[in-house]
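*Asks:* Mind looking over this structure? Questions follow.
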Amino acid sequence: MSEKTGIVDTLEERQPYITRKQEKEQEIPLACDNNSLAGAISQRACVYSGARVVLNPVTDAVHLVHGPIGCAGYTWDIRGAKSSGVETNRSSFSTDMKEIDVVFGGEKKLSNAIDELAGIYRPPVIFVYSTCIVGIIGDDMEAVCKTASKKHNIPVIPVKSEGFKGNKSDGYKAACNALKQLIKRPEKKTVEKKPEIRSESKKPDIKHSKIEKMEIKKPKINILGDFNVAGDVWLVKPLFEKMGIEVIVSMTGDSTAESISRAAEADLNLVQCSGSMTYLAKWMQQEYGIPYQTVSFFGIEDISIALRKTAEYFGSEEMKKKAEKILEAETNRIMPEISRVRESIKGKKAAIYMGGPAKALTLIKGFAELGMEVVIIGTQTGKKEDYEQISYSVRDGTVIVDDANPLELADLLVKQKADLMVAGVKERFIAYKLGVAFCDFNHDRVVEFEGFDGFVNFAKEVDASINSPVWKAVRQRTLNPEPLEPKKTMVESGQEKATIKEEVSEKPYSKKCKGLAPKPEFLHSGQDAVVESEV
């Protein structure tokens, strides 16, 4: 039964999941962090999907899917995570379970598959993902992986990711549990402290002092929750290296089994995707005493905060000065282009729909820097505290939605009069069909969005999308269009009236599309061609 919520028409059970911005310190009346409503066609992915997107960027690992061949289609390109070295992760492997395996079990087939892959690729680690059917028939994946690990002398790690047992957030946790098994406890190095010999005529030789070397050791960090989509990490790591900081590993973008094993050597963890990696960061804090900070590398403000917070943590005045110099130089370098784009798109309205809340929050700041207003914001996996923070960050009238379905998103785009939608590939066609510009911020993009150059790329893409001439040739945005009846000229022929002419506007709107020049026959209909878009 469809019932009006006051914001959009949706199912009665979905009403609590859509609200508007609340006043500060007022609890947001939004239901969230629940399993998707049956029949609502949620945009959420399954547990297996969450595990795969986190682990698949480990470049030198073999990723084996234990299940039907269809699940193996969820492969490297769902993340588009680039590698600076080996690219074993770009191949997807499956045990290709059939009906007979479901009946008699697939453990033998899995064991044979591991043996074959270990022999061909000789990988440092094999991740074995369980799918729905494996959870149903009860294959003992842990036993098979344990035996294979001893046989081949490499970690063969079961990833408990049966799709039906939760949602994408549970998949993140399953992936983190797998990564835990790769992280090694750092060896404790004992340094013999010798008494310092002083004389009146000669000062101590600091060069050869082991104690002094320990005191000036290079600070080390890990970047958690960055998957190097389109090469994002390669624009971020140099900023920290210029500050004198070693980045041990980015988990899991452009990572290897060896770099992940060294993660416990870090002094600090920087968590970018809080939804996927906070669980691991908390475990590392408890297990190895490594604190963590939540940061973002998107947009001038958030990049500045990330560098300053890191320098502040290490307490080095020299590092703080280096951070400020980097920020000043980089900001001055990109501001001319940012200012140009801002003049072109300021005042436009944006809709944000992300998988996790961290991206949604950082996009609010990014759009503010470009002079745009956020009118819709939603996530698939946000929690109560995330939505409260989102509510404090947006303007009055902004709609906040959790786990939206396509009909709700479409209705919101129209009613909030959005000019641009920023989301993942699944939402692309919702926007296009309504004549709304679109920007892919998720896995399928091929351009970096992080760091200073990445923000310039994002600004240019937003500008190109909103101001594309194609919107002059698309149908007016509406979900329930009124029938466009052409004016008819009636003449009498005896006692009968016959229609002899339909008046159709001849205004050449399609010719305004510079560089496109679409022919009328390529448009949906003659009527569509003469209706000017509101975009």
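Every chain in the structure tokens takes a letter, A first, then B, and so on in the order presented; its residues are numbered from 1, and the ligands are numbered from 1 following the presented order.
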Excluding Ile69 (chain A) and residues on its chain fewer than 4 positions from it, collect all residues at most 8 Å away from it, counting only C-alpha atoms, and give them as an MDAnalysis selection string.
*Replies:* chainID A and resid 73 94:97
*Asks:* If DSSP is run on the backbone, what residues of region 97-141 of chain A are strand (DSSP E)? A reply as an MDAnalysis selection string would be ideal.
*Replies:* chainID A and resid 126:130
*Asks:* Considering only C-alpha atoms, state which residue in the set A:Gly119, A:Gly289, A:Gly70, A:Gly166 is at the smallest distance from Val47 (chain A).
*Replies:*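 Once distances to Val47 (chain A) are computed over only C-alpha atoms, the minimum belongs to A:Gly166.
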*Asks:* For region 227-278 of chain A versus region 305-314 of chain A, which residues have an atom no more than 9 Å away, and what is each residue's nearest atom pair and distance in Å rounded to one decimal, using only C-alpha atoms, chain-then-number order, as JSON lines?
*Replies:*
```
{"residue": "A:Leu239", "atom": "CA", "partner": "A:Leu307", "partner_atom": "CA", "distance": 8.1}
{"residue": "A:Phe240", "atom": "CA", "partner": "A:Leu307", "partner_atom": "CA", "distance": 7.4}
{"residue": "A:Met243", "atom": "CA", "partner": "A:Ala311", "partner_atom": "CA", "distance": 8.2}
{"residue": "A:Asp267", "atom": "CA", "partner": "A:Phe314", "partner_atom": "CA", "distance": 8.9}
{"residue": "A:Leu268", "atom": "CA", "partner": "A:Thr310", "partner_atom": "CA", "distance": 8.5}
{"residue": "A:Leu270", "atom": "CA", "partner": "A:Thr310", "partner_atom": "CA", "distance": 8.4}
```
*Asks:* Would you put the residues from that selection into a file with N, CA, C and O atoms, as an mmCIF file, in the first residue's frame?
*Replies:*
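To be explicit, this is the file written out as selection-v7.cif:
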```cif
data_model
loop_
_atom_site.group_PDB
_atom_site.id
_atom_site.type_symbol
_atom_site.label_atom_id
_atom_site.label_comp_id
_atom_site.auth_asym_id
_atom_site.auth_seq_id
_atom_site.Cartn_x
_atom_site.Cartn_y
_atom_site.Cartn_z
ATOM 1 N N LEU A 239 51.787 13.749 -0.106
ATOM 2 C CA LEU A 239 51.588 14.850 0.837
ATOM 3 C C LEU A 239 52.173 14.509 2.201
ATOM 4 O O LEU A 239 52.828 15.340 2.847
ATOM 5 N N PHE A 240 51.951 13.267 2.644
ATOM 6 C CA PHE A 240 52.495 12.840 3.939
ATOM 7 C C PHE A 240 54.001 12.617 3.861
ATOM 8 O O PHE A 240 54.731 12.902 4.814
ATOM 9 N N MET A 243 55.869 15.635 4.369
ATOM 10 C CA MET A 243 55.876 16.034 5.786
ATOM 11 C C MET A 243 56.870 15.201 6.599
ATOM 12 O O MET A 243 57.040 15.420 7.797
ATOM 13 N N ASP A 267 52.538 4.122 13.854
ATOM 14 C CA ASP A 267 52.300 4.906 15.064
ATOM 15 C C ASP A 267 50.871 5.428 15.115
ATOM 16 O O ASP A 267 50.370 5.769 16.186
ATOM 17 N N LEU A 268 50.226 5.498 13.939
ATOM 18 C CA LEU A 268 48.890 6.095 13.856
ATOM 19 C C LEU A 268 48.153 5.534 12.649
ATOM 20 O O LEU A 268 48.756 5.312 11.590
ATOM 21 N N LEU A 270 45.052 6.397 10.021
ATOM 22 C CA LEU A 270 44.126 7.400 9.500
ATOM 23 C C LEU A 270 43.007 6.667 8.775
ATOM 24 O O LEU A 270 43.259 5.962 7.794
#
```
*Asks:* Can you build me a table of region 121-164 of chain A residues sitting at most 9 Å from region 175-185 of chain A, with the closest atom pair per residue and its distance in Å to one decimal, using only C-alpha atoms, sorted by chain and residue number, as JSON lines?
*Replies:*
```
{"residue": "A:Val125", "atom": "CA", "partner": "A:Leu182", "partner_atom": "CA", "distance": 8.7}
{"residue": "A:Phe127", "atom": "CA", "partner": "A:Ala178", "partner_atom": "CA", "distance": 8.0}
{"residue": "A:Pro155", "atom": "CA", "partner": "A:Leu182", "partner_atom": "CA", "distance": 7.8}
{"residue": "A:Ile157", "atom": "CA", "partner": "A:Ala178", "partner_atom": "CA", "distance": 6.4}
{"residue": "A:Pro158", "atom": "CA", "partner": "A:Ala178", "partner_atom": "CA", "distance": 7.2}
{"residue": "A:Val159", "atom": "CA", "partner": "A:Ala178", "partner_atom": "CA", "distance": 6.1}
{"residue": "A:Lys160", "atom": "CA", "partner": "A:Ala175", "partner_atom": "CA", "distance": 8.2}
{"residue": "A:Ser161", "atom": "CA", "partner": "A:Ala175", "partner_atom": "CA", "distance": 8.3}
```
*Asks:* In terms of the shortest atom-to-atom distance over only C-alpha atoms, which of A:Ser261, A:Ser169, A:Gln22, A:Asn457 is closest to Thr278 (chain A)?
*Replies:*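 Among A:Ser261, A:Ser169, A:Gln22, A:Asn457, it is A:Ser169 that comes nearest to Thr278 (chain A).
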*Asks:* Quick one: everything within 7 Å of Phe441 (chain A), counting only C-alpha atoms, minus sequence neighbours fewer than 5 positions away in the same chain. Send it as number ranges by chain.
*Replies:* A: 422-424
*Asks:* My list of candidates is A:Asn269, A:Gln389, A:Thr398, A:Ser316. Which is closest to Thr294 (chain A) when distances are computed with only C-alpha atoms?
*Replies:* A:Asn269
*Asks:* For each of A:Phe455, A:Tyr129, A:Tyr387, A:Phe93, take the minimum atom-to-atom distance to Cys32 (chain A), counting only C-alpha atoms, then give the residue where this is smallest.
*Replies:*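 Once distances to Cys32 (chain A) are computed over only C-alpha atoms, the minimum belongs to A:Tyr387.
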*Asks:* Show which residues sit within 10 Å of His63 (chain A), as a VMD selection string. Count only C-alpha atoms, and ignore same-chain residues fewer than 4 positions away.
*Replies:* chain A and resid 52 55 to 56 58 to 59 72 75 to 76 88 to 94 117 125 to 129 157
*Asks:* Under the rule that only C-alpha atoms are counted, which of A:Asp77, A:Asp411, A:Tyr432, A:Val456 is the nearest residue to Val474 (chain A)?
*Replies:*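 Ranking A:Asp77, A:Asp411, A:Tyr432, A:Val456 by distance to Val474 (chain A), first place goes to A:Tyr432.
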*Asks:* With distances taken over only C-alpha atoms, which of A:Pro291, A:Val233, A:Lys21, A:Gln380 is nearest to Ser36 (chain A)?
*Replies:* A:Gln380
*Asks:* Write out as a ChimeraX atom specification which residues come within 10 Å of Lys168 (chain A) when counting only C-alpha atoms, dropping same-chain ones fewer than 3 positions away.
*Replies:* /A:35,44-53,161,163,165,171-174,275-276,355-356,380-381
